[in-house]
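model_6.cif (mmCIF, C-alpha atoms)
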```cif
data_entry
loop_
_atom_site.label_atom_id
_atom_site.label_comp_id
_atom_site.auth_asym_id
_atom_site.auth_seq_id
_atom_site.Cartn_x
_atom_site.Cartn_y
_atom_site.Cartn_z
CA MET A 13 -23.73 -23.47 -28.13
CA ASN A 14 -21.30 -24.57 -25.44
CA THR A 15 -18.22 -23.89 -27.52
CA VAL A 16 -19.51 -20.44 -28.48
CA VAL A 17 -19.82 -19.56 -24.79
CA ALA A 18 -16.44 -21.07 -24.02
CA GLN A 19 -14.87 -19.14 -26.87
CA LEU A 20 -16.41 -15.87 -25.72
CA GLN A 21 -15.35 -16.53 -22.15
CA ARG A 22 -11.81 -17.18 -23.31
CA GLN A 23 -11.83 -13.97 -25.32
CA PHE A 24 -13.11 -12.03 -22.33
CA GLN A 25 -10.49 -13.48 -20.03
CA ASP A 26 -7.62 -12.79 -22.42
CA TYR A 27 -8.81 -9.27 -23.06
CA LEU A 28 -9.18 -8.44 -19.39
CA VAL A 29 -5.75 -9.87 -18.58
CA SER A 30 -4.22 -7.82 -21.40
CA LEU A 31 -5.72 -4.64 -19.95
CA TYR A 32 -3.93 -5.32 -16.68
CA GLN A 33 -0.71 -6.29 -18.42
CA GLN A 34 -0.70 -3.12 -20.48
CA GLY A 35 -1.19 -1.08 -17.36
CA PHE A 36 -4.66 0.26 -18.10
CA LEU A 37 -6.10 -1.31 -14.96
CA ASP A 38 -4.83 -2.13 -11.50
CA ASN A 39 -5.95 -4.15 -8.50
CA GLN A 40 -8.74 -1.76 -7.56
CA PHE A 41 -10.60 -2.77 -10.74
CA THR A 42 -10.42 -6.34 -9.50
CA GLU A 43 -11.88 -5.17 -6.19
CA LEU A 44 -14.77 -3.54 -8.06
CA ARG A 45 -15.47 -6.73 -10.01
CA LYS A 46 -15.78 -8.55 -6.69
CA LEU A 47 -18.70 -6.28 -5.84
CA GLN A 48 -20.65 -7.28 -8.94
CA ASP A 49 -22.98 -10.28 -8.97
CA GLU A 50 -26.03 -11.62 -10.83
CA GLY A 51 -28.19 -9.20 -8.85
CA THR A 52 -26.02 -6.23 -9.83
CA PRO A 53 -24.57 -7.18 -13.23
CA ASP A 54 -24.04 -3.57 -14.29
CA PHE A 55 -22.29 -2.30 -11.19
CA VAL A 56 -18.82 -1.96 -12.69
CA ALA A 57 -20.17 -0.43 -15.91
CA GLU A 58 -22.16 2.09 -13.87
CA VAL A 59 -19.20 3.10 -11.72
CA VAL A 60 -16.86 3.57 -14.66
CA SER A 61 -19.56 5.50 -16.50
CA LEU A 62 -19.72 7.92 -13.56
CA PHE A 63 -15.95 8.08 -13.64
CA PHE A 64 -15.80 8.96 -17.34
CA ASP A 65 -18.44 11.67 -16.86
CA ASP A 66 -16.35 13.01 -14.01
CA CYS A 67 -13.24 13.01 -16.23
CA SER A 68 -14.98 14.95 -18.95
CA LYS A 69 -16.34 17.54 -16.53
CA LEU A 70 -13.06 18.02 -14.68
CA ILE A 71 -10.99 18.20 -17.86
CA ASN A 72 -13.29 20.89 -19.23
CA SER A 73 -13.09 23.02 -16.13
CA MET A 74 -9.32 22.62 -15.82
CA SER A 75 -8.97 23.52 -19.48
CA ARG A 76 -10.84 26.76 -18.83
CA SER A 77 -8.61 27.54 -15.85
CA LEU A 78 -5.49 27.00 -17.94
CA GLU A 79 -6.74 28.89 -20.95
CA ARG A 80 -5.24 32.36 -20.45
CA PRO A 81 -1.49 32.30 -19.74
CA GLU A 82 -1.59 35.53 -17.74
CA ASN A 83 -4.39 34.35 -15.50
CA VAL A 84 -4.13 30.68 -14.57
CA ASP A 85 -6.06 29.54 -11.51
CA PHE A 86 -3.61 26.86 -10.35
CA LYS A 87 -5.60 26.30 -7.20
CA GLN A 88 -8.59 25.29 -9.26
CA VAL A 89 -6.46 23.09 -11.48
CA ASP A 90 -4.90 21.44 -8.43
CA SER A 91 -8.34 20.77 -7.01
CA GLY A 92 -9.40 19.20 -10.30
CA VAL A 93 -6.31 17.01 -10.45
CA HIS A 94 -6.86 15.90 -6.88
CA GLN A 95 -10.41 14.86 -7.64
CA LEU A 96 -9.40 13.11 -10.84
CA LYS A 97 -6.60 11.25 -9.09
CA GLY A 98 -9.01 10.16 -6.38
CA SER A 99 -11.68 8.83 -8.65
CA SER A 100 -9.24 7.14 -11.04
CA SER A 101 -7.69 5.44 -8.04
CA SER A 102 -11.12 4.29 -6.86
CA VAL A 103 -11.93 2.56 -10.13
CA GLY A 104 -8.47 1.16 -10.86
CA ALA A 105 -7.79 3.40 -13.86
CA ARG A 106 -4.02 3.08 -13.50
CA ARG A 107 -2.76 5.11 -16.47
CA VAL A 108 -5.12 7.99 -15.77
CA LYS A 109 -4.01 8.00 -12.15
CA ASN A 110 -0.35 8.05 -13.12
CA VAL A 111 -0.81 11.05 -15.40
CA CYS A 112 -2.48 12.81 -12.48
CA ILE A 113 0.67 12.33 -10.41
CA SER A 114 2.75 14.16 -13.04
CA PHE A 115 -0.03 16.67 -13.47
CA LYS A 116 0.04 17.53 -9.77
CA GLU A 117 3.80 18.11 -9.94
CA CYS A 118 3.34 20.59 -12.80
CA CYS A 119 0.64 22.32 -10.79
CA ASP A 120 2.82 22.56 -7.71
CA VAL A 121 5.50 24.47 -9.61
CA GLN A 122 2.91 26.42 -11.59
CA ASN A 123 4.14 25.10 -14.91
CA ARG A 124 1.35 26.00 -17.32
CA GLU A 125 2.92 24.28 -20.33
CA GLY A 126 3.43 21.10 -18.33
CA CYS A 127 -0.14 21.28 -17.11
CA LEU A 128 -1.45 21.63 -20.62
CA ARG A 129 0.55 18.59 -21.73
CA CYS A 130 -0.77 16.57 -18.80
CA LEU A 131 -4.29 17.72 -19.50
CA GLN A 132 -4.00 16.50 -23.06
CA GLN A 133 -2.56 13.21 -21.89
CA VAL A 134 -5.22 12.63 -19.25
CA ASP A 135 -7.87 13.33 -21.87
CA TYR A 136 -6.27 10.79 -24.20
CA GLU A 137 -5.92 8.15 -21.49
CA TYR A 138 -9.46 8.33 -20.17
CA LYS A 139 -10.91 8.15 -23.68
CA MET A 140 -8.66 5.20 -24.51
CA LEU A 141 -9.75 3.39 -21.37
CA LYS A 142 -13.37 4.16 -22.13
CA THR A 143 -13.05 2.45 -25.51
CA LYS A 144 -11.25 -0.55 -24.05
CA LEU A 145 -13.80 -1.04 -21.29
CA GLN A 146 -16.67 -0.66 -23.73
CA ASP A 147 -15.20 -3.56 -25.69
CA LEU A 148 -14.89 -5.53 -22.45
CA PHE A 149 -18.50 -4.88 -21.44
CA ASN A 150 -19.67 -5.82 -24.95
CA LEU A 151 -17.94 -9.17 -24.55
CA GLU A 152 -19.60 -9.58 -21.18
CA GLN A 153 -22.97 -8.91 -22.73
CA GLN A 154 -22.36 -11.41 -25.49
CA ILE A 155 -21.48 -14.09 -22.94
CA VAL A 156 -24.66 -13.44 -20.98
CA GLN A 157 -26.77 -13.43 -24.12
CA ALA A 158 -25.24 -16.75 -25.15
CA GLY A 159 -26.32 -18.12 -21.78
CA GLY A 160 -22.90 -18.20 -20.18
CA ALA A 161 -21.49 -16.92 -16.92
CA ILE A 162 -18.89 -14.16 -16.64
CA PRO A 163 -15.60 -15.80 -15.70
CA GLN A 164 -13.84 -14.96 -12.46
CA VAL A 165 -10.46 -13.81 -13.66
CA ASN A 166 -7.46 -14.07 -11.37
CA ILE A 167 -4.81 -11.47 -11.92
CA ASN A 168 -1.43 -12.24 -10.39
CA MET B 26 -37.88 10.01 17.06
CA ALA B 27 -37.90 12.95 19.46
CA VAL B 28 -35.25 15.62 19.18
CA GLY B 29 -32.53 15.07 21.73
CA GLU B 30 -33.26 11.37 22.11
CA VAL B 31 -30.08 9.33 22.18
CA MET B 32 -29.82 6.92 19.28
CA ARG B 33 -29.00 3.46 20.54
CA MET B 34 -29.59 -0.06 19.38
CA ASP B 35 -32.75 -1.64 20.73
CA ILE B 36 -32.09 -3.91 23.68
CA PRO B 37 -34.15 -7.10 23.83
CA ALA B 38 -36.29 -7.07 26.97
CA GLY B 39 -34.72 -10.10 28.60
CA GLY B 40 -31.21 -8.77 27.99
CA ASP B 41 -30.43 -11.76 25.80
CA LEU B 42 -27.92 -10.81 23.13
CA SER B 43 -27.89 -14.05 21.23
CA VAL B 44 -30.52 -12.79 18.75
CA THR B 45 -29.29 -12.02 15.22
CA SER B 46 -27.79 -8.55 15.19
CA PRO B 47 -29.81 -5.83 13.50
CA GLU B 48 -28.38 -4.23 10.38
CA LEU B 49 -26.08 -1.26 10.84
CA HIS B 50 -27.28 1.95 9.29
CA VAL B 51 -24.28 3.78 7.90
CA LEU B 52 -24.14 7.41 6.84
CA ALA B 53 -21.47 7.77 4.15
CA VAL B 54 -20.14 11.24 3.35
CA ASP B 55 -18.05 11.94 0.25
CA ASP B 56 -17.98 14.74 -2.31
CA SER B 57 -16.95 12.34 -5.10
CA ILE B 58 -19.86 10.70 -6.86
CA VAL B 59 -17.63 7.79 -7.89
CA ASP B 60 -16.52 7.16 -4.32
CA ARG B 61 -20.08 7.47 -3.04
CA LYS B 62 -21.20 4.77 -5.44
CA VAL B 63 -18.34 2.49 -4.45
CA ILE B 64 -18.67 2.93 -0.70
CA GLU B 65 -22.42 2.46 -0.93
CA ARG B 66 -21.93 -0.87 -2.69
CA LEU B 67 -19.19 -1.96 -0.31
CA LEU B 68 -21.48 -1.29 2.64
CA ARG B 69 -24.58 -2.87 1.08
CA ILE B 70 -22.64 -6.01 0.24
CA SER B 71 -21.59 -6.07 3.88
CA ALA B 72 -25.27 -6.14 4.89
CA CYS B 73 -25.53 -2.53 6.01
CA LYS B 74 -28.24 -0.02 5.31
CA VAL B 75 -26.65 2.98 3.64
CA THR B 76 -27.43 6.65 3.26
CA THR B 77 -24.99 8.71 1.20
CA VAL B 78 -24.59 12.47 1.28
CA GLU B 79 -22.16 14.65 -0.61
CA SER B 80 -20.96 17.04 2.05
CA GLY B 81 -20.34 17.55 5.75
CA ALA B 82 -23.08 20.18 5.79
CA MET B 83 -25.58 17.71 4.35
CA ALA B 84 -24.48 15.11 6.88
CA LEU B 85 -25.21 17.51 9.74
CA GLN B 86 -28.53 18.38 8.15
CA TYR B 87 -29.40 14.70 7.88
CA LEU B 88 -28.56 14.14 11.52
CA GLY B 89 -30.53 17.21 12.50
CA LEU B 90 -27.41 18.89 13.86
CA ASP B 91 -27.45 21.96 11.67
CA GLY B 92 -29.52 24.06 14.02
CA ASP B 93 -32.81 23.50 12.21
CA LYS B 94 -35.22 22.40 14.90
CA GLY B 95 -37.70 19.85 13.72
CA ALA B 96 -35.69 17.52 11.49
CA SER B 97 -36.55 17.26 7.80
CA GLY B 98 -38.29 13.90 8.15
CA LEU B 99 -35.73 12.30 5.86
CA LYS B 100 -34.17 10.65 8.83
CA ASP B 101 -36.27 7.62 9.67
CA LEU B 102 -33.46 5.34 10.76
CA LYS B 103 -30.97 5.92 13.53
CA VAL B 104 -27.37 6.04 12.35
CA ASN B 105 -24.95 3.50 13.81
CA LEU B 106 -21.82 4.55 11.96
CA ILE B 107 -20.55 7.52 9.99
CA VAL B 108 -17.93 7.02 7.30
CA THR B 109 -16.57 10.23 5.88
CA ASP B 110 -13.96 11.39 3.41
CA TYR B 111 -11.35 13.71 4.87
CA SER B 112 -10.77 16.17 2.01
CA MET B 113 -14.05 17.78 1.11
CA PRO B 114 -14.83 21.37 0.15
CA GLY B 115 -16.49 23.34 2.93
CA LEU B 116 -16.56 21.16 6.04
CA THR B 117 -13.74 18.64 5.96
CA GLY B 118 -14.18 15.17 7.40
CA TYR B 119 -12.22 16.37 10.41
CA ASP B 120 -14.59 19.33 10.92
CA LEU B 121 -17.53 16.96 10.70
CA LEU B 122 -15.91 14.60 13.20
CA LYS B 123 -15.42 17.46 15.66
CA LYS B 124 -19.01 18.62 15.36
CA ILE B 125 -20.28 15.11 15.98
CA LYS B 126 -18.05 14.55 19.00
CA GLU B 127 -19.07 17.94 20.41
CA SER B 128 -22.71 16.92 20.28
CA SER B 129 -24.09 15.33 23.42
CA VAL B 130 -26.65 13.52 21.32
CA PHE B 131 -24.41 12.16 18.58
CA ARG B 132 -20.95 11.81 20.12
CA GLU B 133 -21.47 8.09 20.71
CA ILE B 134 -21.77 7.38 17.00
CA PRO B 135 -18.50 5.93 15.75
CA VAL B 136 -16.89 7.96 12.96
CA VAL B 137 -14.44 6.50 10.45
CA ILE B 138 -12.34 8.80 8.28
CA MET B 139 -11.26 7.91 4.73
CA SER B 140 -8.44 9.57 2.87
CA SER B 141 -6.36 9.01 -0.24
CA GLU B 142 -3.34 10.42 1.60
CA ASN B 143 -1.41 8.49 4.22
CA ILE B 144 -0.39 11.48 6.35
CA LEU B 145 0.50 10.43 9.88
CA PRO B 146 -0.18 13.77 11.61
CA ARG B 147 -3.59 13.80 9.95
CA ILE B 148 -4.35 10.28 11.17
CA GLU B 149 -3.20 11.16 14.68
CA GLN B 150 -5.29 14.30 14.68
CA CYS B 151 -8.40 12.37 13.73
CA LEU B 152 -7.87 9.62 16.26
CA ARG B 153 -7.21 12.20 18.97
CA GLU B 154 -10.51 13.84 18.09
CA GLY B 155 -12.25 10.49 18.60
CA ALA B 156 -12.34 8.84 15.19
CA GLU B 157 -12.85 5.13 15.44
CA ASP B 158 -10.53 4.32 12.58
CA PHE B 159 -8.84 5.71 9.51
CA LEU B 160 -9.13 4.05 6.09
CA LEU B 161 -6.73 4.63 3.24
CA LYS B 162 -8.41 5.01 -0.15
CA PRO B 163 -9.15 3.25 -2.39
CA VAL B 164 -11.34 1.42 0.07
CA LYS B 165 -11.65 -2.34 -0.34
CA LEU B 166 -14.15 -4.91 0.79
CA ALA B 167 -11.73 -6.20 3.45
CA ASP B 168 -11.56 -2.70 4.99
CA VAL B 169 -15.33 -2.42 5.23
CA LYS B 170 -15.69 -5.91 6.68
CA ARG B 171 -13.12 -5.10 9.32
CA ILE B 172 -14.81 -1.84 10.29
CA LYS B 173 -18.20 -3.50 10.48
CA GLU B 174 -16.88 -6.21 12.78
CA LEU B 175 -15.29 -3.61 15.01
CA ILE B 176 -18.47 -1.55 15.24
CA MET B 177 -20.71 -4.58 15.86
CA ARG B 178 -18.40 -5.77 18.60
CA ASN B 179 -18.39 -2.37 20.28
CA GLU B 180 -22.17 -2.05 20.00
CA ALA B 181 -22.67 -5.50 21.54
CA GLU B 182 -20.42 -4.60 24.42
CA ASP B 183 -22.16 -1.27 24.93
CA CYS B 184 -25.50 -3.09 25.04
CA LYS B 185 -24.23 -5.33 27.80
CA THR B 186 -23.17 -2.36 29.90
CA LEU B 187 -26.62 -0.76 29.67
CA SER B 188 -27.96 -3.52 31.85
CA HIS B 189 -25.60 -2.47 34.59
CA SER B 190 -26.29 0.48 36.81
CA ASN B 191 -22.85 2.08 36.59
CA LYS B 192 -22.99 2.36 32.78
CA ARG B 193 -20.34 4.96 32.03
CA LYS B 194 -17.53 3.55 34.13
CA LEU B 195 -18.05 0.05 32.76
CA ALA B 196 -18.14 1.38 29.18
CA GLU B 197 -14.70 2.89 29.72
CA ASP B 198 -13.36 -0.35 31.13
CA ILE B 199 -14.78 -2.34 28.24
CA ASP B 200 -13.44 0.20 25.77
CA ASP B 201 -9.90 -0.32 27.08
CA THR B 202 -10.26 -4.09 26.89
CA ALA B 203 -11.77 -3.80 23.41
CA SER B 204 -8.93 -1.66 22.08
CA SER B 205 -6.28 -4.05 23.37
CA SER B 206 -8.12 -7.15 22.22
CA SER B 207 -8.82 -5.65 18.78
CA SER B 208 -5.13 -4.83 18.38
CA SER B 209 -4.24 -8.44 19.02
CA SER B 210 -6.93 -9.79 16.71
CA SER B 211 -5.89 -7.58 13.81
CA SER B 212 -2.31 -8.81 14.08
CA SER B 213 -3.43 -12.08 12.54
CA SER B 214 -4.48 -10.39 9.30
CA LEU B 215 -1.34 -8.48 8.39
CA GLU B 216 -2.12 -8.22 4.70
CA ASP B 217 -1.98 -4.60 3.75
CA SER B 218 -0.50 -1.48 5.18
CA SER B 219 -3.85 -0.05 6.24
CA VAL B 220 -4.20 -2.87 8.75
CA LYS B 221 -0.71 -2.14 10.06
CA ASP B 222 -1.62 1.54 10.32
CA PHE B 223 -4.75 0.59 12.25
CA ARG B 224 -2.79 -1.41 14.79
CA SER B 225 -0.25 1.28 15.43
CA SER B 226 -2.89 3.97 15.38
CA LYS B 227 -5.00 2.09 17.92
CA ARG B 228 -1.96 1.85 20.18
CA MET B 229 -1.46 5.55 19.67
CA LYS B 230 -5.09 6.16 20.57
CA SER B 231 -4.86 4.36 23.89
CA GLU B 232 -1.62 6.17 24.66
CA LEU B 233 -3.20 9.52 23.83
CA SER B 234 -6.26 8.86 25.95
CA SER B 235 -4.43 7.56 29.02
CA PRO B 236 -4.62 10.01 31.93
CA LEU B 237 -1.60 12.28 32.36
#
```
Kindly transcribe the structure held in the file into structure tokens.
Amino acid sequence: MNTVVAQLQRQFQDYLVSLYQQGFLDNQFTELRKLQDEGTPDFVAEVVSLFFDDCSKLINSMSRSLERPENVDFKQVDSGVHQLKGSSSSVGARRVKNVCISFKECCDVQNREGCLRCLQQVDYEYKMLKTKLQDLFNLEQQIVQAGGAIPQVNIN
Amino acid sequence: MAVGEVMRMDIPAGGDLSVTSPELHVLAVDDSIVDRKVIERLLRISACKVTTVESGAMALQYLGLDGDKGASGLKDLKVNLIVTDYSMPGLTGYDLLKKIKESSVFREIPVVIMSSENILPRIEQCLREGAEDFLLKPVKLADVKRIKELIMRNEAEDCKTLSHSNKRKLAEDIDDTASSSSSSSSSSSLEDSSVKDFRSSKRMKSELSSPL
């Protein structure tokens, strides 16, 4: 039993570290993990779930605004990017946030093609992160079910 | 609570302030659902009661400042601190700050502004309007702890002055001492740029408020 828990904990730790190393997550994710405890074991999962819902909603509305080349509402797109950048920053979704920076630049110069590319990329990145974090939370669940504690992981 | 009644912390009858401090009730205003969830948790973990609203208009409604006489009844706890995002549709955090400082009933409530953008003129504008502090997003636990300590310290000092007859003059004196002592205390925790901004912005604040 002990070695199963230890193995799972090791797996969890390695996976989490790899997410930071590959640039999916930044320090703000660490800050969020600090806010989770035995009393609120689902806090991080709940926050990121809200974030992914937000992504989906904002991407849809920006997509509509960018749809017709002769009538792009760049103000609306800019507002969407701003919101997406803010929430990705708040959860530590580093890659999503970085795409938003490029996205804003395309918006500023009213580059519709650029915006569409960024939109596609932001969609890809948030879905990728969603999958990765789902795997992470599954590992967490397995550890808890095996009677273990979630390791505190220190990221340099 | 009656309309127009000033919201203050309860003062123990004997004037003894060594009792454990009551929990702060914080009103957090942010249009982002993600940020609302995070700030709520940050505040709860810091032993504060929290009410979150999604707009400046709702904040005013909650406080009973929106012109509707006879408050909704939602408000059962006095608010000790308002933390608001700057960029919001409709009323910005700055607009909300102004409305609160214009109110004779609510102007004493400290207001902290949060923003994802580190724009100095914006920070100056908010401090000039009476904001207690300015936090750069994403907000961290250390930021919230620092704000809470600042607010608790100010509230404790305000409580002391209530036992004196010449309340307003003494509050001003204590405020000046507090701003200079808080600048020196924050110099020991020079970890991130938001702390540095706070120190320089506090200095700016006392310079801005000094009589011409």
For the structure provided, state which residues fall under the PyMOL selection byres ((chain A) within 7 of (chain B)), and present them as a short mmCIF file (atom, residue, chain, number, x, y, z; two decimals) with C-alpha atoms, keeping the file's coordinate frame.
```cif
data_model
loop_
_atom_site.label_atom_id
_atom_site.label_comp_id
_atom_site.auth_asym_id
_atom_site.auth_seq_id
_atom_site.Cartn_x
_atom_site.Cartn_y
_atom_site.Cartn_z
CA GLU A 43 -11.88 -5.17 -6.19
CA VAL A 59 -19.20 3.10 -11.72
CA LEU A 62 -19.72 7.92 -13.56
CA PHE A 63 -15.95 8.08 -13.64
CA GLY A 98 -9.01 10.16 -6.38
CA SER A 99 -11.68 8.83 -8.65
CA SER A 101 -7.69 5.44 -8.04
CA SER A 102 -11.12 4.29 -6.86
#
```
| To one decimal place, how far is atom CA of B:Cys151 from atom CA of B:Lys126 in Å? |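 Computed distance, atom CA of B:Cys151 to atom CA of B:Lys126, equals 11.2 Å.
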| Quick one: distance from atom CA of B:Val54 to atom CA of B:Gly81 in Å, one decimal? | 6.8 Å
| task | Would you mind listing what lies within 12 Å of B:Ser128 as number ranges by chain, with all atoms listed in the file counted and same-chain residues fewer than 2 positions away left out? | result | B: 29, 31, 85, 88-92, 121-126, 130-134
| request: Name the residues in contact with stretch 81-94 of chain A at a cut-off of 9 Å, using only C-alpha atoms, excluding same-chain residues fewer than 5 positions from it; report them as a list in words. | output: Leu70, Ile71, Ser73, Met74, Ser75, Arg76, Ser99, Cys112, Ile113, Phe115, Lys116, Cys119, Asp120, Gln122, Arg124 and Cys127 of chain A
| request: Fewer than 4 positions away in the same chain doesn't count, so skip those; otherwise give me all residues within 12 Å of A:Pro53, counting all atoms listed in the file, as a PyMOL selection string. | output: chain A and resi 44-49+57-59+149+152-153+156+161-162
| said: On this structure, the PyMOL selection byres ((chain B and resi 173) around 9) would catch which residues? List them as a ChimeraX atom specification, sorted by chain and number. | reply: /B:49,68,71,73,106,168-172,174-178
| said: So, with all atoms listed in the file as the atoms that count, which of A:Ala105, A:Gln33, A:Ser77, A:Glu117 lies closest to A:Cys130? | reply: A:Glu117
| query | In Å, how far is it from atom CA of A:Ser114 to atom CA of A:Ser100? | reply |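 That distance, rounded to one decimal, is 14.0 Å.
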| message | List the spatial neighbours of B:Glu157 as a ChimeraX atom specification - criterion: any atom at most 7 Å away, only C-alpha atoms, same-chain residues fewer than 5 positions off excluded. | response | /B:135-137,152
As AutoDock Vina command-line options, what would the box around stretch 136-144 of chain B look like: edges along x, y and z, 6 Å added on every side, centre and edge lengths in Å to one decimal?
```
--center_x -8.6 --center_y 9.0 --center_z 6.4 --size_x 28.5 --size_y 17.0 --size_z 25.2
```
